[in-house]
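> Okay, here's the structure, questions in a sec.
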Amino acid sequence: MTAPLDQLVRQHWWAAVATVCRLTGDLDAAEDAVQDACVAALERWPTAGVPDNALGWLIGVARHKALDRLRREANRGAKEAAAMREISESEDVSPRATDPLGLMFLCCHPALDVSARVALTLRSVCGESTAEIAAAFLVPEETMAKRLVRAKAKIREARIPFRIPNEAELPERLGAVLRVIYLLFTEGHMASRGEALVRGELCDRAIALARGVARLLPDAPEAAGLLALLLLTDARRAARTDDVGGLVLLEDQDRTRWDQDMIAEGEAVLEEALRRGRPGRYQLHAAIAACHSTSASADGTDWRQIALLYGELVRYEPTPVVEANRAVAVAMAEGPAAGLVILDALAHHPQLRRWAQLYIARAELLRRLGRDEEATEAYGSALELEPAPASRSFIARRLRELGGCGN
Amino acid sequence: MKYMLLLNRTADALPAPGTPELKRIIQEYGAAVEAMGQAGVLIDCAPLAALSSTTTVRVREGETIVTDGPSAEIKEQLGGYSIIECADLDEALKWAAAIPAARDASVEIRPIVAMPAPA
């Protein structure tokens, strides 16, 4: 019986922390108080039954606990107490519909360090413990605890507010929120640390957050665009790794193992977003992902359309990485030589010189052009940059095929 | 003509409240501040919060770019200061972005530690 109750508590965590944070003006106090309220709920609910308004119950209990802490600290004269808002017994403590969004904007405030934003979102919005977050990012628990403490101290000392940005600020501030969710997903989709290529639990968390934000901001097509992108990409999860955990390239994937329900949902979400006529980077990324998802085979992929979409994407995301991806699409649509022209123009870009993927892409095109010697050299350059283990074994396989000395 | 004295310190934060180190610092600064006050040169002074509490804003082609902390390279030097009082960091960011220095270089927003009035 504990598991469903645990899930019920977890399901209300985001909204409960958000409302208590708004009421107390202190994220740390809110988290501690909601944590205590959840423990109380798990003790009481199995015998007393789950209250009709479980969220209201959690907020009520948490508010009392937060009040106690605020009073204790005020009595001690702690300097933090000065920054906290006084909350009275009579104040309206009912949750507001905008609270969960306010918490998301607080945790993803651009004034916070990016890695701290991701960690804080997992802690405050998802209710993960410090130990769980540390394990997810493969850093010592102490390191993660320090990161969270530092971020919360900044929120308090610099007085980063709990509020919904106004219309003028929204695009930029929503961008910061979406970026945190995207980073979280990327870490799960192509883990930069550890031996596992895919860390599914991080992908799941990111999709749940994207779903939440898209629901809270139904008028923001980019929020829907991100959700669509994550669904369409994650639909390929089962096909992306082989039996020994190695990377399987998109073109080699068994497409019958793609999750058709997720693809259908992603396409529906994307279509709805595009209908608003306000495209953006996430909608375009999602549209590119959809081109792959709707193609029954790698050979049938509409690379011309993908190359066009990348051309459009460069306008919103003018980075050499996007240009490199466009080069690959052009190579598929018009032949490896055309793609190589674009890649060579990027070869000396300072931002890309340490990016193994560029050398891998270049090596692939050279190999297809039959320029084996140059391809071997490019694979070697990629290896020197110490890419993720899965990419390393992929390169080693290619080098063996080319008769090189890879192992 | 007024001057801002930029006070550096080796530790990122002030020592914890109640420690003898902080007491000693308060006494030393108290003496220095008192001397300036008696000489009639003191306009305003206060300790700054830890470096980790800083936010940087830049405006490039109309876009406001907000980042955590000061940039790693020390090419930019402090060129002036403005003390504003507002509700929260978002309001402070709005004012900081309107200062020309945000366009030309950057504006760092650093919270000021509130100190109790001397007894």
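Just so we're on the same page: first chain in the structure tokens is A, next is B, and so on; residues restart at 1 for each chain, and ligands are numbered from 1 in the order they show up.
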Got a sec to pull out which chain A residues are within 6 Å of chain B, counting only C-alpha atoms, and send them as a ChimeraX atom specification?

/A:110-113,154,158-161

> For a test of reading the model, state the distance in Å between atom CA of Gly370 of chain A and atom CA of Val322 of chain A, rounded to one decimal.

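According to the coordinates, atom CA of Gly370 of chain A and atom CA of Val322 of chain A are separated by 25.8 Å.
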
> Could you check how far atom CA of Arg71 of chain A sits from atom CA of Val93 of chain A, in Å to one decimal?

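Between atom CA of Arg71 of chain A and atom CA of Val93 of chain A the gap works out to 17.6 Å.
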
> So, counting only C-alpha atoms, which residue among A:Leu120, A:Ala15, A:Leu366, A:Val248 is closest to Gly212 of chain A?

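For Gly212 of chain A, the nearest of the given residues is A:Ala15.
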
> Residues near Glu377 of chain A, anyone? I mean within 8 Å using only C-alpha atoms, not counting same-chain ones fewer than 4 positions away, as an NGL selection string.

:A and (363 or 373 or 381)

> With N, CA and C atoms retained, export the selected residues as a compact mmCIF listing (two decimals), in the first residue's frame.


# COMPACT_ATOMS: atom_id res chain seq x y z
N ALA A 363 34.28 12.37 -41.14
CA ALA A 363 34.83 11.06 -41.47
C ALA A 363 33.80 10.21 -42.23
N GLU A 373 41.68 7.21 -46.65
CA GLU A 373 42.82 7.67 -45.86
C GLU A 373 42.43 8.89 -45.01
N SER A 381 41.10 11.87 -35.30
CA SER A 381 40.96 13.17 -34.64
C SER A 381 39.80 13.14 -33.64

> Which polymer residues have any atom within 9 Å of an atom of segment 51-67 of chain A, counting only C-alpha atoms, with same-chain residues fewer than 4 positions away left out, as JSON, numbers by chain?

{"A": [8, 9, 12, 13, 15, 16, 17, 19, 20, 23, 24, 29, 30, 31, 32, 33, 34, 35, 36, 37, 38, 40, 41, 45, 71, 72, 86, 87, 88, 89, 93, 94, 95]}

> Can you spit out the residues from that selection as a compact mmCIF listing (two decimals), in the first residue's frame, using N, CA and C atoms?


# COMPACT_ATOMS: atom_id res chain seq x y z
N LEU A 8 1.25 9.31 -4.74
CA LEU A 8 0.26 10.38 -4.54
C LEU A 8 0.94 11.61 -3.95
N VAL A 9 1.80 11.37 -2.96
CA VAL A 9 2.53 12.45 -2.31
C VAL A 9 3.44 13.14 -3.33
N HIS A 12 1.87 15.52 -5.78
CA HIS A 12 1.48 16.84 -5.27
C HIS A 12 2.67 17.69 -4.87
N TRP A 13 3.88 17.10 -4.92
CA TRP A 13 5.06 17.80 -4.41
C TRP A 13 5.24 19.17 -5.05
N ALA A 15 3.26 21.25 -6.72
CA ALA A 15 2.27 22.28 -6.38
C ALA A 15 2.39 22.69 -4.92
N ALA A 16 2.67 21.72 -4.04
CA ALA A 16 2.75 22.02 -2.60
C ALA A 16 3.95 22.92 -2.30
N VAL A 17 5.12 22.55 -2.81
CA VAL A 17 6.32 23.37 -2.58
C VAL A 17 6.09 24.76 -3.16
N THR A 19 3.27 26.53 -3.65
CA THR A 19 2.38 27.39 -2.87
C THR A 19 3.04 27.80 -1.55
N VAL A 20 3.68 26.84 -0.87
CA VAL A 20 4.32 27.18 0.41
C VAL A 20 5.48 28.15 0.18
N LEU A 23 3.98 31.53 -0.18
CA LEU A 23 3.47 32.02 1.10
C LEU A 23 4.60 32.45 2.04
N THR A 24 5.71 31.71 2.03
CA THR A 24 6.78 32.01 2.99
C THR A 24 7.87 32.88 2.38
N ALA A 29 12.83 26.78 3.24
CA ALA A 29 11.83 26.52 4.29
C ALA A 29 10.64 25.76 3.70
N ALA A 30 10.25 26.12 2.47
CA ALA A 30 9.11 25.47 1.83
C ALA A 30 9.40 24.00 1.57
N GLU A 31 10.59 23.70 1.04
CA GLU A 31 10.96 22.32 0.76
C GLU A 31 10.98 21.47 2.02
N ASP A 32 11.65 21.99 3.06
CA ASP A 32 11.73 21.26 4.33
C ASP A 32 10.34 20.99 4.88
N ALA A 33 9.49 22.04 4.82
CA ALA A 33 8.15 21.93 5.40
C ALA A 33 7.31 20.91 4.63
N VAL A 34 7.40 20.94 3.30
CA VAL A 34 6.62 19.99 2.49
C VAL A 34 7.16 18.57 2.71
N GLN A 35 8.48 18.46 2.84
CA GLN A 35 9.09 17.15 3.14
C GLN A 35 8.48 16.58 4.44
N ASP A 36 8.44 17.42 5.46
CA ASP A 36 7.87 16.99 6.75
C ASP A 36 6.39 16.63 6.59
N ALA A 37 5.67 17.44 5.80
CA ALA A 37 4.24 17.19 5.60
C ALA A 37 4.03 15.85 4.88
N CYS A 38 4.93 15.54 3.95
CA CYS A 38 4.82 14.26 3.22
C CYS A 38 5.05 13.09 4.16
N ALA A 40 4.47 13.10 7.34
CA ALA A 40 3.27 13.05 8.17
C ALA A 40 2.14 12.36 7.42
N ALA A 41 2.01 12.68 6.13
CA ALA A 41 0.95 12.09 5.31
C ALA A 41 1.12 10.57 5.20
N TRP A 45 -2.10 8.77 6.55
CA TRP A 45 -3.09 8.37 5.56
C TRP A 45 -3.42 6.87 5.51
N ARG A 71 9.35 31.49 12.82
CA ARG A 71 9.30 32.11 14.15
C ARG A 71 10.56 31.78 14.93
N ARG A 72 10.96 30.50 14.85
CA ARG A 72 12.19 30.09 15.56
C ARG A 72 13.36 30.94 15.10
N GLU A 86 6.57 37.69 6.55
CA GLU A 86 5.77 37.24 7.69
C GLU A 86 4.47 36.66 7.15
N ILE A 87 4.11 35.48 7.60
CA ILE A 87 2.80 34.98 7.18
C ILE A 87 1.94 34.80 8.43
N SER A 88 0.74 35.29 8.36
CA SER A 88 -0.12 35.25 9.53
C SER A 88 -1.05 34.05 9.45
N GLU A 89 -1.62 33.69 10.58
CA GLU A 89 -2.52 32.54 10.67
C GLU A 89 -3.75 32.72 9.79
N VAL A 93 -4.40 30.56 2.41
CA VAL A 93 -3.30 29.66 2.05
C VAL A 93 -3.68 28.73 0.90
N SER A 94 -4.83 29.02 0.24
CA SER A 94 -5.22 28.12 -0.85
C SER A 94 -4.27 28.30 -2.02
N PRO A 95 -3.96 27.19 -2.70
CA PRO A 95 -3.01 27.28 -3.81
C PRO A 95 -3.60 28.09 -4.96

> Go through A:Asp254, A:Glu374, A:Glu141, A:Asp28 and flag the residue nearest Asp242 of chain A, using only C-alpha atoms for the distances.

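The shortest atom-to-atom distance to Asp242 of chain A comes from A:Asp254.
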
> Smallest atom-to-atom distance to Arg304 of chain A: which of A:Ala119, A:Ala329, A:Leu284, A:Leu231, using only C-alpha atoms?

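Looking only at the distances to Arg304 of chain A, the closest residue turns out to be A:Ala329.
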
> Report as a PDB file with N, CA and C atoms, in the first residue's frame all protein, DNA and RNA residues lying within 9 Å of Cys108 of chain A, evaluated on only C-alpha atoms, omitting residues in the same chain fewer than 6 positions from it.


ATOM      1  N   VAL A 114      23.784  27.431 -14.556  1.00  0.00           N
ATOM      2  CA  VAL A 114      22.954  26.478 -15.308  1.00  0.00           C
ATOM      3  C   VAL A 114      22.865  25.115 -14.622  1.00  0.00           C
ATOM      4  N   ALA A 116      23.199  24.498 -11.565  1.00  0.00           N
ATOM      5  CA  ALA A 116      22.413  24.664 -10.343  1.00  0.00           C
ATOM      6  C   ALA A 116      20.923  24.705 -10.667  1.00  0.00           C
ATOM      7  N   ARG A 117      20.581  25.308 -11.825  1.00  0.00           N
ATOM      8  CA  ARG A 117      19.165  25.367 -12.222  1.00  0.00           C
ATOM      9  C   ARG A 117      18.610  23.963 -12.422  1.00  0.00           C
ATOM     10  N   VAL A 118      19.389  23.125 -13.111  1.00  0.00           N
ATOM     11  CA  VAL A 118      18.932  21.763 -13.378  1.00  0.00           C
ATOM     12  C   VAL A 118      18.754  21.015 -12.048  1.00  0.00           C
ATOM     13  N   LEU A 120      18.375  22.246  -9.016  1.00  0.00           N
ATOM     14  CA  LEU A 120      17.323  22.853  -8.201  1.00  0.00           C
ATOM     15  C   LEU A 120      15.944  22.439  -8.699  1.00  0.00           C
ATOM     16  N   THR A 121      15.793  22.342 -10.022  1.00  0.00           N
ATOM     17  CA  THR A 121      14.522  21.918 -10.601  1.00  0.00           C
ATOM     18  C   THR A 121      14.205  20.481 -10.182  1.00  0.00           C
ATOM     19  N   ARG A 173      12.363  34.493 -20.457  1.00  0.00           N
ATOM     20  CA  ARG A 173      12.375  33.702 -19.229  1.00  0.00           C
ATOM     21  C   ARG A 173      11.847  32.291 -19.480  1.00  0.00           C
ATOM     22  N   LEU A 174      10.882  32.154 -20.392  1.00  0.00           N
ATOM     23  CA  LEU A 174      10.416  30.815 -20.746  1.00  0.00           C
ATOM     24  C   LEU A 174      11.547  30.053 -21.428  1.00  0.00           C
ATOM     25  N   ALA A 176      14.630  30.215 -20.744  1.00  0.00           N
ATOM     26  CA  ALA A 176      15.516  29.696 -19.695  1.00  0.00           C
ATOM     27  C   ALA A 176      14.930  28.427 -19.077  1.00  0.00           C
ATOM     28  N   VAL A 177      13.604  28.416 -18.888  1.00  0.00           N
ATOM     29  CA  VAL A 177      12.930  27.239 -18.324  1.00  0.00           C
ATOM     30  C   VAL A 177      13.045  26.051 -19.286  1.00  0.00           C
ATOM     31  N   LEU A 178      12.752  26.310 -20.554  1.00  0.00           N
ATOM     32  CA  LEU A 178      12.773  25.229 -21.543  1.00  0.00           C
ATOM     33  C   LEU A 178      14.191  24.680 -21.699  1.00  0.00           C
ATOM     34  N   ARG A 179      15.166  25.559 -21.584  1.00  0.00           N
ATOM     35  CA  ARG A 179      16.558  25.134 -21.725  1.00  0.00           C
ATOM     36  C   ARG A 179      16.950  24.156 -20.617  1.00  0.00           C
ATOM     37  N   VAL A 180      16.500  24.435 -19.396  1.00  0.00           N
ATOM     38  CA  VAL A 180      16.800  23.539 -18.283  1.00  0.00           C
ATOM     39  C   VAL A 180      16.202  22.151 -18.548  1.00  0.00           C
TER      40      VAL A 180
END

> Work out how far atom CA of Ser124 of chain A is from atom CA of Ala145 of chain A, in Å to one decimal.

13.1 Å

> Neighbours of His292 of chain A within 12 Å (only C-alpha atoms; same-chain residues fewer than 6 positions away dropped), as a ChimeraX atom specification?

/A:229,232-233,235-236,250-251,253,255,258,263,267,285-286,298-303,305-306,329

> Those residues you just picked out, can you put them in a file as a PDB file, in the first residue's frame with N, CA and C atoms?


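Okay, part_25.pdb is ready:
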ATOM      1  N   LEU A 229       9.258  17.656 -29.237  1.00  0.00           N
ATOM      2  CA  LEU A 229      10.626  17.240 -29.549  1.00  0.00           C
ATOM      3  C   LEU A 229      11.069  16.087 -28.647  1.00  0.00           C
ATOM      4  N   LEU A 232       9.115  12.817 -29.516  1.00  0.00           N
ATOM      5  CA  LEU A 232       9.539  12.229 -30.791  1.00  0.00           C
ATOM      6  C   LEU A 232      10.937  11.618 -30.687  1.00  0.00           C
ATOM      7  N   THR A 233      11.809  12.267 -29.908  1.00  0.00           N
ATOM      8  CA  THR A 233      13.169  11.762 -29.770  1.00  0.00           C
ATOM      9  C   THR A 233      13.214  10.534 -28.873  1.00  0.00           C
ATOM     10  N   ALA A 235      10.953   8.469 -28.298  1.00  0.00           N
ATOM     11  CA  ALA A 235      10.245   7.330 -28.891  1.00  0.00           C
ATOM     12  C   ALA A 235      11.233   6.318 -29.479  1.00  0.00           C
ATOM     13  N   ARG A 236      12.446   6.774 -29.788  1.00  0.00           N
ATOM     14  CA  ARG A 236      13.449   5.894 -30.404  1.00  0.00           C
ATOM     15  C   ARG A 236      14.333   5.206 -29.370  1.00  0.00           C
ATOM     16  N   LEU A 250      20.848   6.416 -36.262  1.00  0.00           N
ATOM     17  CA  LEU A 250      19.470   6.539 -36.720  1.00  0.00           C
ATOM     18  C   LEU A 250      19.214   5.671 -37.955  1.00  0.00           C
ATOM     19  N   GLU A 251      20.162   5.734 -38.910  1.00  0.00           N
ATOM     20  CA  GLU A 251      19.952   5.010 -40.170  1.00  0.00           C
ATOM     21  C   GLU A 251      19.954   3.494 -39.987  1.00  0.00           C
ATOM     22  N   GLN A 253      18.821   1.959 -37.161  1.00  0.00           N
ATOM     23  CA  GLN A 253      17.882   1.535 -36.123  1.00  0.00           C
ATOM     24  C   GLN A 253      16.737   0.690 -36.676  1.00  0.00           C
ATOM     25  N   ARG A 255      13.269   0.300 -36.917  1.00  0.00           N
ATOM     26  CA  ARG A 255      12.198   1.266 -36.706  1.00  0.00           C
ATOM     27  C   ARG A 255      10.920   0.637 -36.151  1.00  0.00           C
ATOM     28  N   TRP A 258      10.472   1.543 -32.510  1.00  0.00           N
ATOM     29  CA  TRP A 258      10.112   2.891 -32.091  1.00  0.00           C
ATOM     30  C   TRP A 258       8.713   2.863 -31.465  1.00  0.00           C
ATOM     31  N   ILE A 263       5.217   8.688 -30.697  1.00  0.00           N
ATOM     32  CA  ILE A 263       5.358   9.424 -31.960  1.00  0.00           C
ATOM     33  C   ILE A 263       4.030  10.113 -32.309  1.00  0.00           C
ATOM     34  N   GLU A 267       3.576  14.121 -32.583  1.00  0.00           N
ATOM     35  CA  GLU A 267       3.125  14.764 -33.824  1.00  0.00           C
ATOM     36  C   GLU A 267       1.881  15.617 -33.600  1.00  0.00           C
ATOM     37  N   HIS A 285      13.138  21.979 -34.243  1.00  0.00           N
ATOM     38  CA  HIS A 285      13.813  20.721 -33.888  1.00  0.00           C
ATOM     39  C   HIS A 285      12.807  19.558 -33.904  1.00  0.00           C
ATOM     40  N   ALA A 286      11.612  19.828 -33.367  1.00  0.00           N
ATOM     41  CA  ALA A 286      10.582  18.793 -33.324  1.00  0.00           C
ATOM     42  C   ALA A 286      10.138  18.412 -34.740  1.00  0.00           C
ATOM     43  N   ALA A 298      15.129   4.287 -43.375  1.00  0.00           N
ATOM     44  CA  ALA A 298      16.152   5.340 -43.442  1.00  0.00           C
ATOM     45  C   ALA A 298      16.254   5.867 -44.876  1.00  0.00           C
ATOM     46  N   ASP A 299      16.138   4.945 -45.858  1.00  0.00           N
ATOM     47  CA  ASP A 299      16.268   5.348 -47.263  1.00  0.00           C
ATOM     48  C   ASP A 299      15.152   6.291 -47.690  1.00  0.00           C
ATOM     49  N   GLY A 300      13.984   6.114 -47.063  1.00  0.00           N
ATOM     50  CA  GLY A 300      12.834   6.925 -47.461  1.00  0.00           C
ATOM     51  C   GLY A 300      12.801   8.307 -46.809  1.00  0.00           C
ATOM     52  N   THR A 301      13.799   8.643 -45.989  1.00  0.00           N
ATOM     53  CA  THR A 301      13.799   9.914 -45.264  1.00  0.00           C
ATOM     54  C   THR A 301      13.821  11.097 -46.229  1.00  0.00           C
ATOM     55  N   ASP A 302      12.977  12.085 -45.932  1.00  0.00           N
ATOM     56  CA  ASP A 302      12.913  13.283 -46.775  1.00  0.00           C
ATOM     57  C   ASP A 302      14.021  14.256 -46.344  1.00  0.00           C
ATOM     58  N   TRP A 303      15.241  13.982 -46.815  1.00  0.00           N
ATOM     59  CA  TRP A 303      16.394  14.789 -46.385  1.00  0.00           C
ATOM     60  C   TRP A 303      16.342  16.212 -46.925  1.00  0.00           C
ATOM     61  N   GLN A 305      13.679  18.047 -47.149  1.00  0.00           N
ATOM     62  CA  GLN A 305      12.842  18.774 -46.185  1.00  0.00           C
ATOM     63  C   GLN A 305      13.636  19.056 -44.905  1.00  0.00           C
ATOM     64  N   ILE A 306      14.416  18.054 -44.448  1.00  0.00           N
ATOM     65  CA  ILE A 306      15.198  18.229 -43.217  1.00  0.00           C
ATOM     66  C   ILE A 306      16.258  19.318 -43.406  1.00  0.00           C
ATOM     67  N   ALA A 329      22.483  16.883 -43.389  1.00  0.00           N
ATOM     68  CA  ALA A 329      21.217  16.738 -44.123  1.00  0.00           C
ATOM     69  C   ALA A 329      21.421  17.009 -45.608  1.00  0.00           C
TER      70      ALA A 329
END

> Restricting the calculation to only C-alpha atoms: of B:Pro20, B:Leu48, B:Ala97, B:Ile26, which residue gets closest to Arg60 of chain B?

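Smallest distance to Arg60 of chain B is found for B:Ala97.
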